$ cat my_file_15.cif   # mmCIF, C-alpha atoms and all ligand atoms
data_protein
#
loop_
_atom_site.label_atom_id
_atom_site.label_comp_id
_atom_site.auth_asym_id
_atom_site.auth_seq_id
_atom_site.Cartn_x
_atom_site.Cartn_y
_atom_site.Cartn_z
CA MET A 1 -7.64 25.64 -16.23
CA LEU A 2 -5.70 22.49 -17.04
CA SER A 3 -2.31 22.65 -18.73
CA GLN A 4 0.18 20.03 -19.83
CA ALA A 5 3.11 22.47 -19.90
CA ALA A 6 4.73 21.28 -16.67
CA LEU A 7 4.51 17.66 -17.75
CA HIS A 8 6.05 18.32 -21.16
CA ALA A 9 8.75 20.46 -19.55
CA GLU A 10 10.23 17.29 -18.06
CA TYR A 11 10.80 16.02 -21.58
CA GLY A 12 11.86 19.34 -23.08
CA GLY A 13 9.04 19.31 -25.64
CA VAL A 14 5.60 17.99 -26.49
CA TYR A 15 5.36 14.23 -26.96
CA PRO A 16 2.39 13.19 -29.13
CA ASN A 17 1.41 10.07 -27.23
CA LEU A 18 1.83 11.74 -23.87
CA ALA A 19 -0.34 14.62 -25.09
CA LYS A 20 -2.97 12.15 -26.29
CA ARG A 21 -3.02 10.28 -22.99
CA GLU A 22 -3.33 13.50 -21.03
CA HIS A 23 -6.25 14.62 -23.20
CA GLU A 24 -7.92 11.27 -22.67
CA LYS A 25 -7.56 11.68 -18.92
CA ASN A 26 -8.30 15.40 -18.61
CA LEU A 27 -11.15 16.03 -21.06
CA PRO A 28 -13.78 14.20 -18.97
CA ILE A 29 -12.53 15.93 -15.79
CA LEU A 30 -12.75 19.33 -17.44
CA TYR A 31 -16.13 18.53 -18.95
CA ARG A 32 -17.62 17.53 -15.59
CA GLU A 33 -16.85 21.02 -14.31
CA PHE A 34 -19.06 22.46 -17.05
CA ALA A 35 -21.73 19.77 -17.03
CA ASP A 36 -24.42 22.17 -15.76
CA VAL A 37 -23.57 25.03 -18.10
CA PRO A 38 -26.03 25.36 -20.98
CA CYS A 39 -24.51 25.31 -24.45
CA ASP A 40 -25.81 25.94 -27.96
CA ALA A 41 -22.97 24.30 -29.86
CA VAL A 42 -19.66 22.52 -29.34
CA ALA A 43 -16.59 23.89 -31.12
CA VAL A 44 -13.62 21.60 -31.59
CA THR A 45 -10.15 21.98 -33.10
CA VAL A 46 -9.75 19.70 -36.11
CA GLY A 47 -6.23 20.84 -37.05
CA PRO A 48 -3.47 21.67 -37.54
CA GLY A 49 -1.73 19.92 -34.65
CA LEU A 50 -0.62 16.57 -33.32
CA GLU A 51 -3.04 14.09 -34.82
CA PRO A 52 -3.37 11.70 -31.85
CA ALA A 53 -4.22 14.62 -29.57
CA LEU A 54 -6.61 16.14 -32.13
CA TRP A 55 -8.40 12.81 -32.44
CA GLN A 56 -9.01 12.65 -28.73
CA GLY A 57 -10.59 16.09 -28.81
CA VAL A 58 -12.69 15.40 -31.89
CA GLU A 59 -14.05 12.10 -30.60
CA PHE A 60 -14.84 13.62 -27.23
CA ALA A 61 -16.55 16.66 -28.80
CA LYS A 62 -18.63 14.37 -31.03
CA ARG A 63 -19.92 12.52 -27.97
CA VAL A 64 -20.72 15.72 -26.09
CA ALA A 65 -22.51 17.31 -29.06
CA LYS A 66 -24.57 14.15 -29.58
CA GLU A 67 -25.43 13.85 -25.90
CA ARG A 68 -26.59 17.45 -25.77
CA GLY A 69 -28.21 17.47 -29.18
CA VAL A 70 -26.27 20.54 -30.34
CA PRO A 71 -24.25 21.18 -33.51
CA LEU A 72 -20.56 20.41 -33.66
CA LEU A 73 -18.43 23.19 -35.16
CA PRO A 74 -15.07 22.12 -36.64
CA THR A 75 -12.48 24.83 -36.09
CA ASN A 76 -9.01 25.54 -37.51
CA HIS A 77 -6.40 26.21 -34.82
CA MET A 78 -4.53 28.90 -36.81
CA GLU A 79 -7.72 30.61 -37.90
CA ALA A 80 -8.72 30.72 -34.24
CA HIS A 81 -5.43 32.46 -33.37
CA LEU A 82 -6.15 35.00 -36.12
CA ILE A 83 -9.84 35.67 -35.38
CA SER A 84 -9.43 35.80 -31.59
CA SER A 85 -6.56 38.29 -31.96
CA LEU A 86 -8.84 40.61 -33.95
CA VAL A 87 -11.42 40.65 -31.16
CA GLU A 88 -11.43 43.87 -29.12
CA GLN A 89 -13.21 44.06 -25.77
CA GLY A 90 -15.07 40.88 -26.58
CA GLU A 91 -16.25 42.13 -29.96
CA LEU A 92 -15.26 41.45 -33.53
CA LYS A 93 -16.19 44.71 -35.19
CA ASN A 94 -14.86 47.71 -37.09
CA VAL A 95 -12.30 45.53 -38.83
CA GLN A 96 -11.10 47.01 -42.10
CA LEU A 97 -10.30 44.47 -44.81
CA PRO A 98 -7.92 43.26 -46.07
CA VAL A 99 -6.37 41.99 -42.86
CA LEU A 100 -2.76 40.86 -42.78
CA ALA A 101 -2.00 38.44 -39.93
CA LEU A 102 1.39 37.35 -38.70
CA LEU A 103 0.75 34.01 -37.02
CA ILE A 104 3.66 32.90 -34.85
CA SER A 105 3.47 29.78 -32.70
CA GLY A 106 5.34 26.65 -31.77
CA GLY A 107 4.35 24.86 -34.97
CA HIS A 108 3.63 27.68 -37.43
CA THR A 109 5.03 30.92 -38.75
CA GLU A 110 3.03 32.49 -41.55
CA PHE A 111 1.75 35.72 -43.05
CA VAL A 112 -1.90 35.24 -43.86
CA LEU A 113 -4.02 37.65 -45.89
CA MET A 114 -7.79 37.83 -45.34
CA ARG A 115 -9.34 39.83 -48.21
CA ASN A 116 -12.86 38.59 -47.47
CA TRP A 117 -14.04 37.34 -44.12
CA PHE A 118 -12.92 33.77 -43.43
CA GLU A 119 -11.05 33.44 -46.73
CA TYR A 120 -7.32 33.18 -46.42
CA GLU A 121 -4.23 33.28 -48.55
CA VAL A 122 -0.78 32.43 -47.19
CA VAL A 123 1.50 35.17 -48.55
CA GLY A 124 4.66 34.07 -46.74
CA LYS A 125 5.76 31.38 -44.36
CA THR A 126 8.72 29.69 -42.77
CA LEU A 127 10.61 27.40 -45.10
CA ASP A 128 11.71 25.25 -42.16
CA ASP A 129 11.24 25.72 -38.41
CA ALA A 130 8.55 27.72 -36.68
CA VAL A 131 9.79 30.73 -34.72
CA GLY A 132 8.37 29.38 -31.44
CA GLU A 133 10.31 26.17 -31.92
CA CYS A 134 13.44 28.24 -32.51
CA PHE A 135 12.82 30.16 -29.27
CA ASP A 136 12.37 26.86 -27.42
CA LYS A 137 15.50 25.24 -28.88
CA VAL A 138 17.72 28.27 -28.31
CA ALA A 139 16.41 28.56 -24.74
CA ARG A 140 17.38 24.97 -24.17
CA MET A 141 20.91 25.64 -25.44
CA ILE A 142 21.42 28.12 -22.62
CA GLY A 143 19.83 25.91 -19.99
CA LEU A 144 16.35 27.45 -19.82
CA PRO A 145 13.31 25.18 -19.28
CA TYR A 146 10.53 24.35 -21.78
CA PRO A 147 8.67 26.25 -23.14
CA GLY A 148 11.64 28.53 -23.58
CA GLY A 149 10.03 31.55 -25.28
CA PRO A 150 8.85 33.30 -22.12
CA HIS A 151 12.18 32.56 -20.37
CA ILE A 152 14.22 34.05 -23.23
CA SER A 153 12.02 37.12 -23.07
CA LYS A 154 12.43 37.43 -19.32
CA ILE A 155 16.22 37.24 -19.24
CA ALA A 156 16.65 39.38 -22.38
CA LYS A 157 15.01 42.22 -20.46
CA THR A 158 17.77 42.06 -17.85
CA ALA A 159 20.63 42.47 -20.37
CA THR A 160 22.85 45.45 -19.65
CA THR A 161 25.55 44.87 -22.28
CA LYS A 162 25.61 43.97 -25.95
CA SER A 163 26.37 40.33 -26.70
CA ALA A 164 29.79 39.46 -28.06
CA ILE A 165 27.96 36.89 -30.19
CA THR A 166 26.20 38.16 -33.29
CA LEU A 167 23.56 36.05 -34.97
CA PRO A 168 22.40 36.09 -38.62
CA ARG A 169 19.13 37.64 -39.84
CA PRO A 170 18.10 34.86 -42.25
CA MET A 171 16.45 35.82 -45.53
CA ILE A 172 16.08 39.42 -44.49
CA GLY A 173 17.02 40.65 -47.95
CA SER A 174 15.10 38.07 -49.96
CA ASN A 175 12.38 39.34 -52.25
CA THR A 176 9.61 37.27 -50.69
CA CYS A 177 7.65 37.28 -47.43
CA ASP A 178 9.06 33.87 -46.53
CA VAL A 179 11.26 33.41 -43.48
CA SER A 180 13.63 30.72 -42.22
CA PHE A 181 14.72 29.89 -38.70
CA SER A 182 16.74 26.70 -38.90
CA GLY A 183 19.91 28.62 -39.88
CA LEU A 184 19.46 30.94 -36.91
CA LYS A 185 19.10 27.94 -34.63
CA THR A 186 22.24 26.33 -36.02
CA ALA A 187 24.18 29.60 -35.81
CA ALA A 188 23.15 29.89 -32.16
CA LEU A 189 24.30 26.33 -31.51
CA TYR A 190 27.71 26.87 -33.15
CA SER A 191 28.31 30.19 -31.45
CA LEU A 192 27.69 28.61 -28.05
CA ARG A 193 29.88 25.57 -28.66
CA ASP A 194 32.61 25.07 -26.05
CA LYS A 195 31.45 28.15 -24.17
CA THR A 196 30.00 28.56 -20.71
CA LEU A 197 28.14 31.83 -20.49
CA THR A 198 27.69 33.84 -17.33
CA ASP A 199 24.16 34.96 -16.47
CA GLU A 200 24.91 38.40 -17.88
CA GLU A 201 26.25 36.87 -21.11
CA LYS A 202 23.17 34.67 -21.36
CA ALA A 203 20.93 37.71 -20.98
CA ALA A 204 22.88 39.59 -23.68
CA PHE A 205 22.73 36.53 -25.94
CA ALA A 206 18.95 36.22 -25.42
CA ALA A 207 18.59 39.91 -26.33
CA GLU A 208 20.69 39.41 -29.48
CA PHE A 209 18.52 36.45 -30.44
CA GLU A 210 15.32 38.45 -29.96
CA GLU A 211 16.81 41.32 -31.96
CA ALA A 212 17.65 38.96 -34.85
CA VAL A 213 14.08 37.61 -34.87
CA GLY A 214 12.69 41.14 -34.51
CA ASP A 215 14.76 42.45 -37.45
CA VAL A 216 13.48 39.62 -39.65
CA PHE A 217 9.82 40.19 -38.73
CA VAL A 218 10.05 43.97 -39.11
CA HIS A 219 11.50 43.63 -42.62
CA LYS A 220 9.07 40.93 -43.72
CA THR A 221 6.04 42.65 -42.21
CA ARG A 222 6.96 45.86 -44.02
CA LYS A 223 7.19 43.95 -47.28
CA ALA A 224 3.95 42.03 -46.69
CA LEU A 225 2.06 45.23 -45.85
CA GLU A 226 3.41 46.98 -48.95
CA ASP A 227 2.71 43.99 -51.21
CA THR A 228 -0.85 43.36 -50.01
CA GLY A 229 -2.18 46.84 -49.27
CA ALA A 230 -3.68 45.52 -46.03
CA ARG A 231 -5.69 48.01 -43.92
CA THR A 232 -5.40 46.06 -40.67
CA PHE A 233 -2.42 44.22 -39.21
CA VAL A 234 -2.77 41.63 -36.46
CA ILE A 235 -0.47 39.16 -34.75
CA GLY A 236 -1.48 35.88 -33.14
CA GLY A 237 -0.12 32.66 -31.63
CA GLY A 238 2.00 31.99 -28.55
CA VAL A 239 4.99 34.04 -29.72
CA ALA A 240 2.72 37.08 -30.12
CA ALA A 241 3.04 37.38 -26.33
CA ASN A 242 6.67 38.41 -26.75
CA SER A 243 6.94 41.98 -25.50
CA TYR A 244 10.05 42.85 -27.53
CA LEU A 245 8.44 41.71 -30.81
CA ARG A 246 5.23 43.54 -29.90
CA GLU A 247 7.18 46.76 -29.38
CA ARG A 248 9.17 46.40 -32.60
CA LEU A 249 6.03 45.81 -34.66
CA GLN A 250 4.15 48.61 -32.91
CA LYS A 251 7.00 50.97 -33.76
CA LEU A 252 7.04 49.84 -37.40
CA ILE A 253 3.33 50.56 -37.79
CA ALA A 254 3.50 53.87 -35.91
CA ASP A 255 6.53 55.11 -37.87
CA GLU A 256 5.74 53.88 -41.36
CA PHE A 257 2.10 52.82 -41.68
CA ASP A 258 0.01 55.29 -39.74
CA ASP A 259 -3.05 54.57 -41.90
CA ILE A 260 -3.02 50.90 -40.88
CA GLU A 261 -4.69 49.70 -37.70
CA PHE A 262 -2.59 47.35 -35.59
CA ARG A 263 -4.63 44.95 -33.47
CA LEU A 264 -2.48 43.69 -30.64
CA PRO A 265 -4.08 40.72 -28.89
CA ASP A 266 -4.44 40.56 -25.11
CA LEU A 267 -1.63 38.49 -23.63
CA ALA A 268 -4.20 36.10 -22.16
CA ILE A 269 -5.36 34.89 -25.58
CA THR A 270 -2.04 34.67 -27.44
CA GLY A 271 -1.12 31.16 -26.29
CA ASP A 272 -3.37 28.18 -26.99
CA ASN A 273 -6.66 28.39 -25.16
CA ALA A 274 -10.27 27.26 -25.49
CA ILE A 275 -11.80 30.74 -25.80
CA MET A 276 -10.11 31.36 -29.13
CA ILE A 277 -11.69 28.21 -30.55
CA ALA A 278 -15.15 29.21 -29.33
CA GLN A 279 -14.73 32.79 -30.59
CA CYS A 280 -13.69 31.63 -34.04
CA ALA A 281 -16.50 29.07 -34.31
CA LEU A 282 -19.05 31.63 -33.10
CA ALA A 283 -17.85 34.29 -35.54
CA ARG A 284 -18.15 31.84 -38.40
CA ALA A 285 -21.54 30.59 -37.24
CA LEU A 286 -22.90 34.14 -37.00
CA SER A 287 -21.69 34.85 -40.52
CA GLY A 288 -23.28 31.65 -41.79
CA LYS A 289 -19.90 30.29 -42.84
CA ASN A 290 -19.70 27.32 -40.54
CA ASP A 291 -20.27 23.95 -42.11
CA GLU A 292 -21.88 21.70 -39.56
CA SER A 293 -20.79 18.48 -41.17
CA SER A 294 -20.45 16.71 -37.85
CA THR A 295 -20.90 13.23 -39.29
CA GLU A 296 -17.76 13.25 -41.40
CA LEU A 297 -15.74 15.57 -39.20
CA ARG A 298 -12.16 14.38 -38.75
CA ALA A 299 -8.83 15.53 -37.39
CA ILE A 300 -6.25 16.70 -39.95
CA GLY A 301 -2.73 17.16 -38.58
CA ASN A 302 -1.45 19.40 -41.37
CA LEU A 303 -4.66 21.31 -42.04
CA SER A 304 -3.93 24.61 -43.82
CA ILE A 305 -5.69 27.89 -43.11
CA ALA A 306 -5.89 28.61 -46.84
CA LEU A 307 -8.51 27.25 -49.22
CA GLU A 308 -6.14 25.50 -51.61
CA THR A 309 -3.08 23.32 -50.80
O1 LIG B 401 0.27 29.06 -30.00
P1 LIG B 401 1.03 28.31 -28.96
O2 LIG B 401 0.59 28.45 -27.53
O3 LIG B 401 1.05 26.77 -29.30
C1 LIG B 401 1.17 26.33 -30.63
O4 LIG B 401 0.17 26.39 -31.35
O5 LIG B 401 2.32 25.96 -30.97
O6 LIG B 401 2.59 28.75 -29.08
C2 LIG B 401 3.55 28.17 -28.26
C3 LIG B 401 4.89 28.82 -28.53
C4 LIG B 401 6.05 28.16 -27.78
O7 LIG B 401 7.09 27.92 -28.71
C5 LIG B 401 6.44 29.20 -26.74
O8 LIG B 401 7.82 29.16 -26.38
C6 LIG B 401 6.11 30.47 -27.45
O9 LIG B 401 4.88 30.19 -28.08
N1 LIG B 401 5.97 31.62 -26.55
C7 LIG B 401 6.81 32.69 -26.57
C8 LIG B 401 6.40 33.56 -25.53
N2 LIG B 401 5.31 32.98 -24.91
C9 LIG B 401 5.08 31.81 -25.55
N3 LIG B 401 7.85 32.98 -27.37
C10 LIG B 401 8.51 34.13 -27.15
N4 LIG B 401 8.19 35.00 -26.18
C11 LIG B 401 7.14 34.77 -25.35
N5 LIG B 401 6.83 35.65 -24.41
ZN ZN B 402 -1.31 27.75 -31.17
#
$ encode --input "my_file_15.cif" --output "C-alpha cells"
Amino acid sequence: MLSQAALHAEYGGVYPNLAKREHEKNLPILYREFADVPCDAVAVTVGPGLEPALWQGVEFAKRVAKERGVPLLPTNHMEAHLISSLVEQGELKNVQLPVLALLISGGHTEFVLMRNWFEYEVVGKTLDDAVGECFDKVARMIGLPYPGGPHISKIAKTATTKSAITLPRPMIGSNTCDVSFSGLKTAALYSLRDKTLTDEEKAAFAAEFEEAVGDVFVHKTRKALEDTGARTFVIGGGVAANSYLRERLQKLIADEFDDIEFRLPDLAITGDNAIMIAQCALARALSGKNDESSTELRAIGNLSIALET
C-alpha cells in the first residue's frame, strides 16, 4: 500500500499540488505491481476531492482502461464510503431500505438517505467545516501530528479526570439535521489561549472534544432516523473509525431503535482506500446502474452524492 499521510504530516494538511505530484509519481509504480493481474473493468474516483489529484487519477485510469480494452467506471468518493460500509463479509446483501448514512470524513459531513438503491438525498449536512477537519485542527492546537483524528482518539482514552474546559455542542437543539463545527473549533482555540496543558489535561480536553462531537451526532442521528423512517443505519468515512463515536451511536441504536439495523464498517475500510471504489463500482455495475461514459468522463471537485444540486 502507498500512502501520502507521512508526507502531508510535515505540512500539517493536504496540499493539492503536492498530492497531484505524488499521484503522478506513485500511480505508475502501483500499477506495475498489478500489471499481471487480470481485470474486467477499471473503477476511478471522479469526485468529490482535490481536482488536480482527481485529474491525475482519471487520466491514468483512462489510459489503463484503453490499454486493456475494458470499461472505465466513474465512481463517487462519498458513495463509495457509503456502499463499502454496508458490505458485510464481502457481500452487499440483506440491506433493508431506506438506508440512512452518516458520512464523516476530512472534507464531508452529511446525512444521506438512500430510499432506492444508488439514489441519494442529503437530509442534513455541515454548514461549515467537516468533522474530520475539526478533529485535525483541534489536534494541532494541542500539539498532535496530522492527521489528528486518530491521535485525539488515542489520548482521549487515557483521560482519568474531567476537563476543566467545557466546549459547546453546536446546533444540538436546532430543528434540522444540519450540523456545524467551525464554532466548536473556535471555542477550542479560545479556551486553549494562553494555556499550557499537561498531558493529563490534554487527554481530558480530547475526551471533552469527543464528547461534544458525540453529543451532536447522537442528537442529529436520532432526529434523522425519526424524520426518515430509515430501516438501516450506516456510518462511513475516515472519522467512522473513531471508537468513541462508534460506541455512542451503537448505544443510541440499541437503546432507542432496536428495529433498525446498524451496519458498522470494518476499521480497515473506513479511511480512504481503493477497495471501496472497486466495491461501489462493482455494485453499481451488477445492478446495471453504472454509466460507462468513458469518453466524456471528467473529474469534478465538488461532485455531490445526490441527484440534484
Ligand atoms: O475519509 P478519509 O480517509 O478522507 C477524506 O475523504 O477526507 O477521512 C480522513 C479524516 C481525517 O480528518 C482524519 O483525522 C479522520 O478522518 N480520522 C479520524 C480517525 N481516523 C481518521 N477521526 C477521528 N477518530 C479517528 N479514529
Ligand atoms: Zn474519504
$ closest_atom_pairs --input "my_file_15.cif" --of "chain A" --to "ligand LIG 401 (chain B)" --cutoff "7 Å" --atoms "all atoms listed in the file" --output "CSV"
residue,atom,partner,partner_atom,distance
A:Ser105,CA,B:LIG401,O6,3.9
A:Gly106,CA,B:LIG401,O5,3.2
A:Gly107,CA,B:LIG401,O5,4.6
A:His108,CA,B:LIG401,O5,6.8
A:Gly132,CA,B:LIG401,O7,3.4
A:Glu133,CA,B:LIG401,O7,4.9
A:Phe135,CA,B:LIG401,O8,5.9
A:Asp136,CA,B:LIG401,O8,5.2
A:Pro147,CA,B:LIG401,O8,4.4
A:Gly148,CA,B:LIG401,O8,4.8
A:Gly149,CA,B:LIG401,N3,3.3
A:Pro150,CA,B:LIG401,N5,3.9
A:Ile152,CA,B:LIG401,N4,6.8
A:Ser153,CA,B:LIG401,N4,5.4
A:Gly237,CA,B:LIG401,O1,4.0
A:Gly238,CA,B:LIG401,O6,3.3
A:Val239,CA,B:LIG401,N3,3.9
A:Ala240,CA,B:LIG401,C8,6.9
A:Ala241,CA,B:LIG401,N5,4.6
A:Asn242,CA,B:LIG401,N5,3.6
A:Ser243,CA,B:LIG401,N5,6.4
A:Thr270,CA,B:LIG401,O1,6.6
A:Gly271,CA,B:LIG401,O2,3.4
A:Asp272,CA,B:LIG401,O2,4.0
$ residues_around --input "my_file_15.cif" --residues "Met78 in chain A" --least-positions-apart "4" --cutoff "9 Å" --atoms "all atoms listed in the file" --output "PDB file with C-alpha atoms, in the frame of the given file"
ATOM      1  CA  GLY A  47      -6.230  20.840 -37.050  1.00  0.00           C
ATOM      2  CA  PRO A  48      -3.470  21.670 -37.540  1.00  0.00           C
ATOM      3  CA  LEU A  82      -6.150  35.000 -36.120  1.00  0.00           C
ATOM      4  CA  ILE A  83      -9.840  35.670 -35.380  1.00  0.00           C
ATOM      5  CA  LEU A 103       0.750  34.010 -37.020  1.00  0.00           C
ATOM      6  CA  HIS A 108       3.630  27.680 -37.430  1.00  0.00           C
ATOM      7  CA  GLY A 236      -1.480  35.880 -33.140  1.00  0.00           C
ATOM      8  CA  GLY A 237      -0.120  32.660 -31.630  1.00  0.00           C
ATOM      9  CA  SER A 304      -3.930  24.610 -43.820  1.00  0.00           C
ATOM     10  CA  ILE A 305      -5.690  27.890 -43.110  1.00  0.00           C
TER      11      ILE A 305
END
$ residues_around --input "my_file_15.cif" --residues "Lys251 in chain A" --least-positions-apart "6" --cutoff "12 Å" --atoms "all atoms listed in the file" --output "ChimeraX atom specification"
/A:214,218,221-222,244-245,257-258,262
$ residues_near_point --input "my_file_15.cif" --point "(-7.3, 11.1, -29.4)" --cutoff "9 Å" --atoms "all atoms listed in the file" --output "PyMOL selection string"
chain A and resi 19-21+23-24+51-60
$ atom_distance --input "my_file_15.cif" --atom1 "CA of Leu252 in chain A" --atom2 "CA of Cys280 in chain A"
27.8 Å
$ closest_residue --input "my_file_15.cif" --among "A:Ala5, A:Ala187, A:Ala285, A:Val123" --to "Ala230 in chain A" --atoms "all atoms listed in the file"
A:Val123
$ atom_distance --input "my_file_15.cif" --atom1 "CA of Ala206 in chain A" --atom2 "CA of Ala139 in chain A"
8.1 Å
$ atom_distance --input "my_file_15.cif" --atom1 "CA of Gly301 in chain A" --atom2 "CA of Gly49 in chain A"
4.9 Å
$ residues_around --input "my_file_15.cif" --residues "Ile253 in chain A" --least-positions-apart "6" --cutoff "12 Å" --atoms "only C-alpha atoms" --output "PyMOL selection string"
chain A and resi 218-219+221-222+225-226+230-234+246-247+259-264
$ write_last_selection --input "my_file_15.cif" --atoms "C-alpha atoms" --output "compact mmCIF listing (two decimals), keeping the file's coordinate frame"
# COMPACT_ATOMS: atom_id res chain seq x y z
CA VAL A 218 10.05 43.97 -39.11
CA HIS A 219 11.50 43.63 -42.62
CA THR A 221 6.04 42.65 -42.21
CA ARG A 222 6.96 45.86 -44.02
CA LEU A 225 2.06 45.23 -45.85
CA GLU A 226 3.41 46.98 -48.95
CA ALA A 230 -3.68 45.52 -46.03
CA ARG A 231 -5.69 48.01 -43.92
CA THR A 232 -5.40 46.06 -40.67
CA PHE A 233 -2.42 44.22 -39.21
CA VAL A 234 -2.77 41.63 -36.46
CA ARG A 246 5.23 43.54 -29.90
CA GLU A 247 7.18 46.76 -29.38
CA ASP A 259 -3.05 54.57 -41.90
CA ILE A 260 -3.02 50.90 -40.88
CA GLU A 261 -4.69 49.70 -37.70
CA PHE A 262 -2.59 47.35 -35.59
CA ARG A 263 -4.63 44.95 -33.47
CA LEU A 264 -2.48 43.69 -30.64
$ closest_residue --input "my_file_15.cif" --among "A:Ala6, A:Leu30, A:Ile142, A:Ala130" --to "ligand ZN 402 (chain B)" --atoms "all atoms listed in the file"
A:Ala130
$ closest_residue --input "my_file_15.cif" --among "A:Ser174, A:Ile235, A:Ala164, A:Lys137" --to "ligand ZN 402 (chain B)" --atoms "all atoms listed in the file"
A:Ile235
$ closest_residue --input "my_file_15.cif" --among "A:His81, A:Lys185, A:Lys154, A:Arg115" --to "ligand ZN 402 (chain B)" --atoms "all atoms listed in the file"
A:His81
$ closest_residue --input "my_file_15.cif" --among "A:Phe205, A:Tyr190, A:Tyr15, A:Phe118" --to "Asn290 in chain A" --atoms "all atoms listed in the file"
A:Phe118
$ closest_residue --input "my_file_15.cif" --among "A:Leu267, A:Val131, A:Leu72, A:Leu92" --to "Val42 in chain A" --atoms "only C-alpha atoms"
A:Leu72
$ build_atoms --input "my_file_15.cif" --residues "range 62-68 of chain A" --atoms "all heavy atoms" --output "tab-separated table (two decimals), keeping the file's coordinate frame"
chain	number	residue	atom	x	y	z
A	62	LYS	N	-17.52	15.04	-30.33
A	62	LYS	CA	-18.63	14.37	-31.03
A	62	LYS	C	-19.62	13.80	-30.03
A	62	LYS	O	-20.83	13.93	-30.18
A	62	LYS	CB	-18.09	13.23	-31.91
A	62	LYS	CG	-17.63	13.66	-33.30
A	62	LYS	CD	-17.26	12.42	-34.10
A	62	LYS	CE	-16.64	12.80	-35.43
A	62	LYS	NZ	-16.01	11.67	-36.10
A	63	ARG	N	-19.06	13.14	-29.00
A	63	ARG	CA	-19.92	12.52	-27.97
A	63	ARG	C	-20.72	13.59	-27.23
A	63	ARG	O	-21.93	13.44	-27.03
A	63	ARG	CB	-19.07	11.72	-26.98
A	63	ARG	CG	-18.63	10.36	-27.50
A	63	ARG	CD	-18.33	9.40	-26.35
A	63	ARG	NE	-17.34	9.89	-25.42
A	63	ARG	CZ	-16.02	9.82	-25.61
A	63	ARG	NH1	-15.54	9.25	-26.71
A	63	ARG	NH2	-15.18	10.27	-24.71
A	64	VAL	N	-20.05	14.67	-26.85
A	64	VAL	CA	-20.72	15.72	-26.09
A	64	VAL	C	-21.83	16.36	-26.93
A	64	VAL	O	-22.95	16.57	-26.45
A	64	VAL	CB	-19.72	16.81	-25.63
A	64	VAL	CG1	-20.44	17.99	-25.00
A	64	VAL	CG2	-18.71	16.22	-24.65
A	65	ALA	N	-21.52	16.67	-28.19
A	65	ALA	CA	-22.51	17.31	-29.06
A	65	ALA	C	-23.73	16.41	-29.24
A	65	ALA	O	-24.87	16.87	-29.23
A	65	ALA	CB	-21.88	17.65	-30.40
A	66	LYS	N	-23.47	15.11	-29.37
A	66	LYS	CA	-24.57	14.15	-29.58
A	66	LYS	C	-25.43	14.07	-28.32
A	66	LYS	O	-26.66	14.14	-28.39
A	66	LYS	CB	-23.96	12.79	-29.91
A	66	LYS	CG	-24.95	11.85	-30.53
A	66	LYS	CD	-24.28	10.65	-31.14
A	66	LYS	CE	-25.35	9.59	-31.37
A	66	LYS	NZ	-24.83	8.25	-31.19
A	67	GLU	N	-24.74	13.94	-27.19
A	67	GLU	CA	-25.43	13.85	-25.90
A	67	GLU	C	-26.33	15.06	-25.67
A	67	GLU	O	-27.44	14.93	-25.18
A	67	GLU	CB	-24.35	13.86	-24.81
A	67	GLU	CG	-24.50	12.85	-23.71
A	67	GLU	CD	-23.25	12.94	-22.84
A	67	GLU	OE1	-23.18	13.81	-21.95
A	67	GLU	OE2	-22.34	12.13	-23.10
A	68	ARG	N	-25.84	16.22	-26.03
A	68	ARG	CA	-26.59	17.45	-25.77
A	68	ARG	C	-27.50	17.85	-26.92
A	68	ARG	O	-28.26	18.82	-26.81
A	68	ARG	CB	-25.61	18.60	-25.51
A	68	ARG	CG	-24.78	18.38	-24.27
A	68	ARG	CD	-24.41	19.70	-23.69
A	68	ARG	NE	-23.73	19.57	-22.42
A	68	ARG	CZ	-23.60	20.58	-21.57
A	68	ARG	NH1	-24.11	21.74	-21.85
A	68	ARG	NH2	-22.97	20.40	-20.44
